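J.: See work_26.cif below, with mmCIF, C-alpha atoms.
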```cif
data_coords
loop_
_atom_site.label_atom_id
_atom_site.label_comp_id
_atom_site.auth_asym_id
_atom_site.auth_seq_id
_atom_site.Cartn_x
_atom_site.Cartn_y
_atom_site.Cartn_z
CA MET A 1 87.75 100.61 87.35
CA SER A 2 90.44 97.95 86.89
CA LEU A 3 93.84 98.03 88.56
CA ARG A 4 95.49 98.74 85.23
CA GLN A 5 93.28 101.79 84.65
CA ARG A 6 93.98 103.07 88.16
CA LEU A 7 97.73 102.72 87.63
CA ALA A 8 97.44 104.51 84.29
CA GLN A 9 95.53 107.33 85.98
CA LEU A 10 98.14 107.59 88.73
CA ALA A 11 100.96 107.63 86.19
CA GLY A 12 99.19 110.39 84.27
CA ARG A 13 98.86 112.52 87.41
CA LEU A 14 102.51 111.99 88.36
CA GLN A 15 103.61 112.96 84.85
CA ASP A 16 101.59 116.18 84.84
CA PRO A 17 103.93 119.16 84.17
CA GLN A 18 101.65 121.36 86.28
CA LYS A 19 102.86 119.47 89.36
CA VAL A 20 106.47 120.28 88.41
CA ALA A 21 105.56 123.95 87.92
CA ARG A 22 103.72 123.95 91.26
CA PHE A 23 106.79 122.56 93.03
CA GLN A 24 108.95 125.22 91.37
CA ARG A 25 106.62 128.00 92.52
CA LEU A 26 106.59 126.53 96.02
CA CYS A 27 110.41 126.73 95.99
CA GLY A 28 110.38 130.33 94.75
CA VAL A 29 110.89 129.86 90.97
CA GLU A 30 108.62 131.68 88.53
CA ALA A 31 108.81 132.42 84.82
CA PRO A 32 109.33 136.06 83.83
CA PRO A 33 106.27 137.88 82.45
CA GLN A 34 105.44 137.53 78.76
CA ARG A 35 106.55 140.23 76.38
CA SER A 36 103.93 142.85 75.65
CA ALA A 37 102.25 143.26 72.31
CA ASP A 38 103.62 146.81 71.99
CA PRO A 39 107.09 146.82 70.32
CA ARG A 40 108.01 150.04 72.13
CA GLU A 41 107.48 148.26 75.46
CA ASP A 42 109.72 145.44 74.26
CA GLU A 43 112.45 147.92 73.31
CA LYS A 44 112.17 149.49 76.76
CA ALA A 45 112.41 146.02 78.36
CA GLU A 46 115.47 145.18 76.26
CA GLY A 47 117.06 148.42 77.44
CA LEU A 48 116.55 147.30 81.02
CA LEU A 49 117.93 143.87 80.24
CA ALA A 50 121.04 145.37 78.67
CA GLY A 51 122.06 146.73 82.04
CA ASP A 52 122.61 143.25 83.48
CA PRO A 53 125.06 140.99 81.59
CA ARG A 54 123.35 137.89 83.03
CA LEU A 55 120.05 138.89 81.42
CA ARG A 56 121.35 140.16 78.07
CA GLY A 57 120.23 138.60 74.80
CA ARG A 58 117.21 136.69 73.62
CA GLN A 59 116.46 133.14 74.61
CA ARG A 60 117.94 130.70 72.11
CA GLY A 61 115.36 128.61 70.40
CA ALA A 62 112.49 130.94 71.38
CA PRO A 63 109.66 131.40 68.90
CA GLY A 64 110.67 133.74 66.12
CA GLY A 65 114.32 133.79 67.16
CA PRO A 66 117.39 131.96 65.82
CA GLN A 67 117.28 128.21 66.35
CA PRO A 68 120.24 126.34 67.81
CA PRO A 69 122.38 124.36 65.35
CA GLY A 70 120.95 120.96 64.54
CA SER A 71 117.48 121.77 65.85
CA ASP A 72 115.83 120.54 62.64
CA ARG A 73 117.55 117.17 62.67
CA ASN A 74 116.83 113.75 64.05
CA GLN A 75 113.17 114.03 64.89
CA CYS A 76 111.68 110.68 65.78
CA PRO A 77 108.29 109.70 64.32
CA ALA A 78 105.37 110.98 66.36
CA LYS A 79 103.35 108.35 68.18
CA PRO A 80 99.58 108.37 67.96
CA ASP A 81 99.29 109.10 71.65
CA GLY A 82 101.75 111.96 71.46
CA GLY A 83 104.22 110.15 73.71
CA CYS A 84 107.20 110.78 71.49
CA ALA A 85 109.14 114.02 71.32
CA PRO A 86 111.87 115.05 68.89
CA ASN A 87 115.23 113.76 70.01
CA GLY A 88 118.28 115.95 69.64
CA VAL A 89 116.18 119.13 69.97
CA ARG A 90 114.42 120.97 72.74
CA ASN A 91 111.41 119.46 74.44
CA GLY A 92 109.18 122.49 75.04
CA LEU A 93 109.79 126.14 74.23
CA ALA A 94 110.60 128.78 76.77
CA ALA A 95 108.68 131.95 77.28
CA GLU A 96 110.49 135.01 75.96
CA LEU A 97 112.06 137.54 78.25
CA GLY A 98 110.13 140.33 79.86
CA PRO A 99 111.33 143.36 81.79
CA ALA A 100 114.18 142.70 84.13
CA SER A 101 113.39 141.84 87.70
CA SER A 102 115.49 142.88 90.68
CA ARG A 103 116.40 139.26 91.45
CA ARG A 104 116.72 136.71 88.69
CA ALA A 105 118.76 133.58 88.20
CA GLY A 106 121.02 133.55 85.18
CA ALA A 107 120.98 130.59 82.79
CA LEU A 108 122.61 127.48 84.15
CA ARG A 109 124.79 125.10 82.17
CA ARG A 110 124.77 125.85 78.46
CA ASN A 111 124.50 122.90 76.06
CA SER A 112 127.94 122.68 74.50
CA LEU A 113 126.64 121.04 71.31
CA THR A 114 123.51 123.05 70.48
CA GLY A 115 124.34 126.33 72.23
CA GLU A 116 120.96 126.20 73.96
CA GLU A 117 120.65 128.10 77.25
CA GLY A 118 118.34 127.77 80.20
CA GLN A 119 115.43 130.10 80.80
CA LEU A 120 115.80 133.20 82.88
CA ALA A 121 113.53 133.06 85.91
CA ARG A 122 112.57 134.98 89.00
CA VAL A 123 114.06 133.26 92.04
CA SER A 124 112.92 134.42 95.47
CA LYS A 125 114.33 131.64 97.68
CA TRP A 126 118.04 131.73 96.93
CA PRO A 127 119.20 129.18 99.55
CA LEU A 128 116.99 126.58 97.84
CA TYR A 129 118.32 127.65 94.44
CA TYR A 130 121.95 127.05 95.43
CA LEU A 131 121.09 123.85 97.31
CA PHE A 132 119.37 122.34 94.27
CA CYS A 133 122.13 123.56 91.95
CA PHE A 134 124.51 121.55 94.13
CA GLY A 135 122.15 118.57 94.01
CA ALA A 136 122.01 118.74 90.22
CA GLU A 137 125.82 118.77 90.02
CA LEU A 138 125.93 115.46 91.93
CA GLY A 139 124.81 113.83 88.69
CA ASN A 140 127.02 115.73 86.24
CA GLU A 141 130.40 115.06 84.67
CA LEU A 142 132.29 117.48 86.93
CA PHE A 143 131.23 115.54 90.00
CA TYR A 144 132.12 112.15 88.52
CA ILE A 145 135.55 113.25 87.36
CA LEU A 146 136.33 114.47 90.90
CA PHE A 147 134.52 111.83 92.96
CA PHE A 148 135.74 108.54 91.49
CA PRO A 149 139.45 109.51 91.25
CA PHE A 150 139.39 110.78 94.85
CA TRP A 151 138.11 107.39 96.04
CA ILE A 152 140.69 105.49 93.98
CA TRP A 153 143.70 107.66 94.87
CA ASN A 154 143.01 108.58 98.49
CA LEU A 155 140.35 106.43 100.14
CA ASP A 156 139.95 102.85 98.90
CA PRO A 157 140.81 101.74 95.33
CA LEU A 158 138.70 98.58 95.63
CA VAL A 159 135.57 100.51 96.63
CA GLY A 160 136.28 103.11 93.95
CA ARG A 161 136.60 100.50 91.18
CA ARG A 162 133.40 98.72 92.19
CA LEU A 163 131.49 101.99 92.45
CA VAL A 164 132.48 102.64 88.83
CA VAL A 165 131.26 99.18 87.76
CA ILE A 166 127.85 99.87 89.35
CA TRP A 167 127.69 103.41 87.99
CA VAL A 168 128.44 102.28 84.41
CA LEU A 169 125.80 99.54 84.58
CA VAL A 170 123.10 101.77 86.07
CA MET A 171 123.74 104.70 83.74
CA TYR A 172 123.97 102.51 80.64
CA LEU A 173 120.67 100.76 81.38
CA GLY A 174 119.06 104.11 82.19
CA GLN A 175 120.18 105.70 78.91
CA CYS A 176 119.03 102.68 76.87
CA THR A 177 115.66 102.65 78.62
CA LYS A 178 115.16 106.34 77.81
CA ASP A 179 115.62 105.64 74.11
CA ILE A 180 113.19 102.72 74.19
CA ILE A 181 110.39 104.55 76.06
CA ARG A 182 110.95 107.95 74.37
CA TRP A 183 108.95 110.14 76.72
CA PRO A 184 109.47 113.91 76.39
CA ARG A 185 110.68 116.28 79.07
CA PRO A 186 108.03 118.26 80.97
CA ALA A 187 106.43 120.87 78.72
CA SER A 188 107.57 124.48 79.03
CA PRO A 189 105.38 126.40 79.74
CA PRO A 190 104.16 125.77 82.42
CA VAL A 191 107.53 124.40 83.58
CA VAL A 192 110.49 126.78 83.86
CA LYS A 193 113.59 125.15 82.32
CA LEU A 194 116.41 126.39 84.55
CA GLU A 195 118.81 123.82 83.07
CA VAL A 196 118.93 122.58 79.48
CA PHE A 197 122.23 120.73 79.34
CA TYR A 198 120.41 117.39 78.99
CA ASN A 199 117.23 118.77 77.43
CA SER A 200 117.87 117.00 74.10
CA GLU A 201 117.60 113.61 75.81
CA TYR A 202 114.39 111.81 76.67
CA SER A 203 112.96 111.94 80.14
CA MET A 204 111.94 108.50 81.43
CA PRO A 205 113.60 107.37 83.66
CA SER A 206 115.70 110.08 85.27
CA THR A 207 119.33 108.96 85.10
CA HIS A 208 120.20 111.66 87.64
CA ALA A 209 117.79 109.97 90.05
CA MET A 210 119.30 106.59 89.17
CA SER A 211 122.84 107.79 89.83
CA GLY A 212 121.76 109.65 92.97
CA THR A 213 120.23 106.42 94.26
CA ALA A 214 122.92 103.96 93.15
CA ILE A 215 126.00 105.80 94.41
CA PRO A 216 125.09 106.36 98.10
CA ILE A 217 123.50 102.91 98.48
CA SER A 218 126.52 101.25 96.85
CA MET A 219 128.91 103.27 99.00
CA VAL A 220 127.26 101.95 102.16
CA LEU A 221 127.03 98.36 100.85
CA LEU A 222 130.68 98.35 99.79
CA THR A 223 132.15 100.02 102.87
CA TYR A 224 130.09 98.73 105.78
CA GLY A 225 131.90 95.72 107.19
CA ARG A 226 135.04 96.64 105.27
CA TRP A 227 135.60 99.83 107.29
CA GLN A 228 134.75 100.53 110.90
CA TYR A 229 132.03 103.18 111.21
CA PRO A 230 128.51 103.36 112.71
CA LEU A 231 125.84 102.15 110.29
CA ILE A 232 123.64 105.12 111.23
CA TYR A 233 125.99 107.37 109.21
CA GLY A 234 125.21 105.41 106.08
CA LEU A 235 121.49 105.32 106.82
CA ILE A 236 121.51 109.13 107.09
CA LEU A 237 123.64 109.59 103.96
CA ILE A 238 121.43 107.54 101.62
CA PRO A 239 118.11 109.44 101.96
CA CYS A 240 119.82 112.85 102.13
CA TRP A 241 121.88 112.29 98.98
CA CYS A 242 119.09 110.58 97.07
CA SER A 243 116.36 113.10 97.90
CA LEU A 244 118.62 116.08 97.14
CA VAL A 245 119.47 114.81 93.65
CA CYS A 246 115.92 113.72 92.88
CA LEU A 247 114.25 116.94 94.02
CA SER A 248 116.84 119.02 92.16
CA ARG A 249 115.69 117.52 88.85
CA ILE A 250 112.10 118.59 89.50
CA TYR A 251 113.27 122.02 90.68
CA MET A 252 115.32 122.49 87.49
CA GLY A 253 112.28 121.56 85.38
CA MET A 254 114.03 118.58 83.82
CA HIS A 255 111.84 115.71 85.05
CA SER A 256 108.32 114.88 86.15
CA ILE A 257 107.59 113.21 89.47
CA LEU A 258 106.96 109.94 87.61
CA ASP A 259 110.44 110.08 86.00
CA ILE A 260 112.03 110.41 89.44
CA ILE A 261 110.04 107.59 91.05
CA ALA A 262 110.71 105.30 88.08
CA GLY A 263 114.45 106.07 88.21
CA PHE A 264 114.59 105.30 91.94
CA LEU A 265 112.69 102.00 91.67
CA TYR A 266 114.58 100.95 88.52
CA THR A 267 117.88 101.44 90.35
CA ILE A 268 116.74 99.36 93.32
CA LEU A 269 115.84 96.56 90.88
CA ILE A 270 119.21 96.78 89.10
CA LEU A 271 121.13 96.68 92.39
CA ALA A 272 119.08 93.74 93.65
CA VAL A 273 119.89 91.74 90.51
CA PHE A 274 123.48 92.73 89.74
CA TYR A 275 125.10 93.77 93.03
CA PRO A 276 125.96 90.14 94.02
CA PHE A 277 128.13 89.92 90.87
CA VAL A 278 130.15 93.11 91.44
CA ASP A 279 132.95 91.34 93.33
CA LEU A 280 133.19 88.72 90.58
CA ILE A 281 133.36 91.39 87.86
CA ASP A 282 136.06 93.37 89.67
CA ASN A 283 138.18 90.27 90.32
CA PHE A 284 137.82 89.24 86.67
CA ASN A 285 138.89 92.71 85.48
CA GLN A 286 142.03 92.54 87.58
CA THR A 287 143.16 88.95 87.28
CA HIS A 288 141.95 87.34 84.04
CA LYS A 289 144.63 87.03 81.37
CA TYR A 290 142.46 88.34 78.54
CA ALA A 291 140.43 90.79 80.62
CA PRO A 292 141.43 93.95 78.65
CA LEU A 293 140.36 92.45 75.31
CA ILE A 294 137.07 91.20 76.74
CA ILE A 295 136.40 94.52 78.54
CA ILE A 296 137.02 96.63 75.41
CA GLY A 297 135.05 94.26 73.20
CA LEU A 298 132.10 94.11 75.60
CA HIS A 299 131.90 97.87 76.06
CA LEU A 300 132.09 98.45 72.30
CA ALA A 301 129.35 95.88 71.72
CA LEU A 302 127.14 97.53 74.33
CA GLY A 303 127.76 100.88 72.68
CA ILE A 304 126.89 99.61 69.19
CA PHE A 305 123.67 98.08 70.53
CA SER A 306 122.58 101.24 72.32
CA PHE A 307 123.32 103.47 69.31
CA THR A 308 120.80 101.50 67.22
CA LEU A 309 117.93 102.21 69.64
CA ASP A 310 117.25 105.72 68.40
CA THR A 311 118.36 108.42 66.01
CA TRP A 312 121.49 110.40 66.84
CA SER A 313 121.32 112.82 69.74
CA THR A 314 123.60 114.16 72.46
CA SER A 315 122.64 111.20 74.67
CA ARG A 316 124.62 108.93 72.34
CA GLY A 317 127.77 110.84 73.28
CA ASP A 318 126.95 110.53 76.99
CA THR A 319 126.58 106.76 76.61
CA ALA A 320 129.91 106.52 74.78
CA GLU A 321 131.55 108.57 77.54
CA ILE A 322 130.16 106.29 80.26
CA LEU A 323 131.25 103.10 78.47
CA GLY A 324 134.66 104.53 77.58
CA SER A 325 135.32 105.62 81.17
CA GLY A 326 134.29 102.22 82.51
CA ALA A 327 136.45 100.35 80.01
CA GLY A 328 139.47 102.58 80.69
CA ILE A 329 139.22 102.26 84.48
CA ALA A 330 138.80 98.47 84.27
CA CYS A 331 141.77 98.05 81.89
CA GLY A 332 143.91 100.36 84.01
CA SER A 333 143.12 98.37 87.15
CA HIS A 334 144.19 95.19 85.33
CA VAL A 335 147.60 96.63 84.41
CA THR A 336 148.03 98.17 87.87
CA TYR A 337 147.31 94.80 89.52
CA LYS A 338 149.74 92.95 87.23
CA MET A 339 152.50 95.49 88.04
CA GLY A 340 151.75 95.42 91.79
CA LEU A 341 151.32 99.20 92.04
CA VAL A 342 148.16 99.05 94.18
CA LEU A 343 147.50 96.06 96.44
CA ASP A 344 144.20 95.59 98.25
CA PRO A 345 144.46 94.66 101.95
CA SER A 346 144.05 90.98 102.78
CA LEU A 347 140.71 89.73 104.09
CA ASP A 348 142.11 88.86 107.52
CA THR A 349 142.77 92.56 108.21
CA LEU A 350 139.10 93.52 107.80
CA PRO A 351 137.33 95.58 109.01
CA LEU A 352 139.79 98.37 108.39
CA ALA A 353 140.22 101.23 110.82
CA GLY A 354 140.70 104.72 109.44
CA PRO A 355 144.21 106.08 110.04
CA PRO A 356 144.61 109.11 112.32
CA ILE A 357 144.38 112.31 110.29
CA THR A 358 147.73 114.10 110.45
CA MET A 359 149.10 117.04 108.48
CA THR A 360 151.37 114.67 106.55
CA LEU A 361 148.48 112.38 105.60
CA PHE A 362 146.27 115.32 104.67
CA GLY A 363 149.05 117.00 102.68
CA LYS A 364 149.78 113.83 100.70
CA ALA A 365 146.09 113.36 99.93
CA ILE A 366 145.78 116.92 98.61
CA LEU A 367 149.03 116.56 96.64
CA ARG A 368 147.88 113.29 95.08
CA PHE A 369 144.54 114.79 94.14
CA LEU A 370 146.00 117.95 92.59
CA ILE A 371 148.74 116.14 90.66
CA GLY A 372 146.32 113.43 89.55
CA MET A 373 143.65 115.85 88.36
CA LEU A 374 146.21 117.95 86.48
CA PHE A 375 147.44 114.81 84.72
CA VAL A 376 143.89 113.69 83.89
CA LEU A 377 142.87 117.09 82.51
CA VAL A 378 146.01 117.23 80.36
CA VAL A 379 145.28 113.76 78.99
CA ARG A 380 141.67 114.71 78.25
CA ASP A 381 142.71 117.89 76.46
CA ILE A 382 145.38 116.13 74.37
CA MET A 383 143.03 113.31 73.38
CA LYS A 384 140.31 115.82 72.44
CA LYS A 385 142.72 117.70 70.16
CA ILE A 386 143.75 114.42 68.51
CA THR A 387 140.49 112.48 68.21
CA ILE A 388 138.13 115.17 66.90
CA PRO A 389 140.27 116.26 63.88
CA LEU A 390 141.15 112.62 63.18
CA ALA A 391 137.49 111.53 63.22
CA CYS A 392 136.59 114.51 61.00
CA LYS A 393 139.29 113.55 58.53
CA ILE A 394 138.25 109.90 58.40
CA SER A 395 134.56 110.79 57.97
CA ASN A 396 135.18 113.75 55.58
CA ILE A 397 133.41 116.18 57.91
CA PRO A 398 134.53 119.85 58.05
CA CYS A 399 136.44 120.60 61.26
CA ASP A 400 136.26 124.41 61.12
CA ASP A 401 133.55 124.55 63.79
CA ILE A 402 134.18 121.96 66.52
CA ARG A 403 130.66 122.30 67.94
CA LYS A 404 129.05 121.59 64.57
CA ALA A 405 131.45 118.73 63.88
CA ARG A 406 130.58 117.10 67.20
CA GLN A 407 126.91 117.02 66.22
CA HIS A 408 127.82 114.20 63.83
CA MET A 409 127.77 110.70 65.27
CA GLU A 410 130.94 109.75 63.34
CA VAL A 411 132.86 112.42 65.29
CA GLU A 412 131.21 112.52 68.71
CA LEU A 413 131.25 108.78 69.45
CA PRO A 414 134.96 108.07 68.72
CA TYR A 415 135.91 111.29 70.50
CA ARG A 416 133.98 110.44 73.66
CA TYR A 417 134.85 106.73 73.77
CA ILE A 418 138.59 107.08 73.09
CA THR A 419 139.12 110.26 75.09
CA TYR A 420 137.33 109.09 78.22
CA GLY A 421 138.76 105.61 77.83
CA MET A 422 142.20 107.19 78.16
CA VAL A 423 140.99 109.32 81.07
CA GLY A 424 139.80 106.19 82.88
CA PHE A 425 143.05 104.35 82.09
CA SER A 426 145.01 107.31 83.46
CA ILE A 427 143.00 107.31 86.70
CA THR A 428 143.79 103.68 87.52
CA PHE A 429 147.22 103.23 85.91
CA PHE A 430 149.19 106.28 84.76
CA VAL A 431 148.42 108.43 87.82
CA PRO A 432 149.14 105.65 90.41
CA TYR A 433 152.40 104.97 88.54
CA VAL A 434 153.31 108.68 88.85
CA PHE A 435 152.52 108.53 92.56
CA PHE A 436 154.72 105.45 92.94
CA PHE A 437 157.53 107.10 90.99
CA ILE A 438 157.61 110.32 93.06
CA GLY A 439 157.03 108.49 96.36
CA ILE A 440 153.55 109.67 97.42
CA SER A 441 151.64 106.39 96.97
#
```
What does this structure look like when you write it as structure tokens?

T.:
Amino acid sequence: MSLRQRLAQLAGRLQDPQKVARFQRLCGVEAPPQRSADPREDEKAEGLLAGDPRLRGRQRGAPGGPQPPGSDRNQCPAKPDGGCAPNGVRNGLAAELGPASSRRAGALRRNSLTGEEGQLARVSKWPLYYLFCFGAELGNELFYILFFPFWIWNLDPLVGRRLVVIWVLVMYLGQCTKDIIRWPRPASPPVVKLEVFYNSEYSMPSTHAMSGTAIPISMVLLTYGRWQYPLIYGLILIPCWCSLVCLSRIYMGMHSILDIIAGFLYTILILAVFYPFVDLIDNFNQTHKYAPLIIIGLHLALGIFSFTLDTWSTSRGDTAEILGSGAGIACGSHVTYKMGLVLDPSLDTLPLAGPPITMTLFGKAILRFLIGMLFVLVVRDIMKKITIPLACKISNIPCDDIRKARQHMEVELPYRYITYGMVGFSITFFVPYVFFFIGIS
């Protein structure tokens, strides 16, 4: 057997959904029993389910039930080897609900565009359930919108900006690679889909694994030598963070083992090639005269290229959100630098020592974070209310149902790019200006 055949065999074993299901069972996750053939038994089971609001209702998209909006759209052509799955719809159908169990996990994050919900499942090891829920959130929007602003406002703006540059690059390449390879999510059954928020995207590589690898490694690379702390802290942080995020994707039933390994190795390759240029990119964003025009033009060009790789799906909106956030943060840092609102410490003061934590310092940090996040959320809400109706009007798309309107590329892409571009600009310019104005910089 040749090396190529051995590698293909290994890849096939690592992609086997049975291994994902086995890991889930090992961690205490099992699918509920199938519905019985007797309708009277089903009615009895539904009566039991009605007693628990978490378990009420049929699974969306289950066989014979109502399909989520847009589930018949945007199917990519099937490959001869079966490697392609419909994009923009579910990859694998869930088993229907059986009689209620005494301990079940309710559906996790609902897909805001399709209305699809995660499967209900028996969970016996609840500490692992909450641990992996936390790990999954380390790769979701809520984490990013809290994590990056906190770094920029309270810890180190330079490190925060450069983390964003790396994050945008890694996530963009990961999303594009998914739409080139077009591998489906692990089949369900046997896998239990606890989370379906990203189920309409392809699977290879795992962008959660890529983000969970890139962020802790970049944090250590950017801070060690700039700040005084023992290196062992960073060497403990990297494997803990990375393994938690990666294992959470298998636990949630979203990725195969091969997806996770590929995401990890792909990220290491990206960092090895592009990390030496991060300082150059950040300095260019801040100091070059025409940096804002080049930043906006480059991010739009990258977006247009990626949107031609595949038919429309929710992943297109995620890519627009990533590029818009990166462009907004970079443009905001340029304006902030030109106005002198945030100045990085000179090189001769490095490595920096952390200031003593006092009540005043802690209070200012909390105040900056709360005021900043309130401002950012207001900006996001205002931009959403402006961009979606405007895009609908320009594209002649009905705006009665926002969720249905956002399933159109002509609405979702401008909304995500412009809205999160303004969010990013607010994080690095408007909010620091507010801090300067009220005297809590």

J.: Quick one, how far is atom CA of A:Met383 from atom CA of A:His299?

T.: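 Pair atom CA of A:Met383 / atom CA of A:His299 returns 19.2 Å.
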
J.: Please provide as a list in words all residues within 8 Å of A:Arg406, with the sequence filter that same-chain residues fewer than 4 positions apart are discarded (counting all atoms listed in the file).

T.: Leu113, Ile388, Ile402, Val411 and Glu412 of chain A

J.: Determine the residue membership of the PyMOL selection byres ((chain A and resi 167) around 9) for the file above and supply it as an MDAnalysis selection string.

T.: chainID A and resid 162:166 168:172 211 214:215 322 326

J.: Which one is closest to A:Leu323: A:Thr419, A:Gln407, A:Thr387, A:Thr177? Count only C-alpha atoms.

T.: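 Using only C-alpha atoms, the shortest distance to A:Leu323 belongs to A:Thr419.
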
J.: Interatomic distance between atom CA of A:Phe148 and atom CA of A:Ile261?

T.: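 Atom-to-atom, atom CA of A:Phe148 and atom CA of A:Ile261 are spaced 25.7 Å apart.
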
J.: Name every residue that the PyMOL selection byres ((chain A and resi 331-339) around 6) selects in this structure, writing the answer as a PyMOL selection string with chains first and numbers rising.

T.: chain A and resi 285-286+292+328-330+340-341+425+428-429

J.: Just say which residues the PyMOL selection byres ((chain A and resi 140-146) around 12) picks in this file, as number ranges by chain.

T.: A: 109, 133-139, 147-154, 160, 163-164, 167-168, 171, 195, 197-198, 207-209, 211-212, 215, 245, 249, 318, 321-322, 325-326, 329, 369-370, 372-374, 376-377, 380, 420, 423-424, 426-427
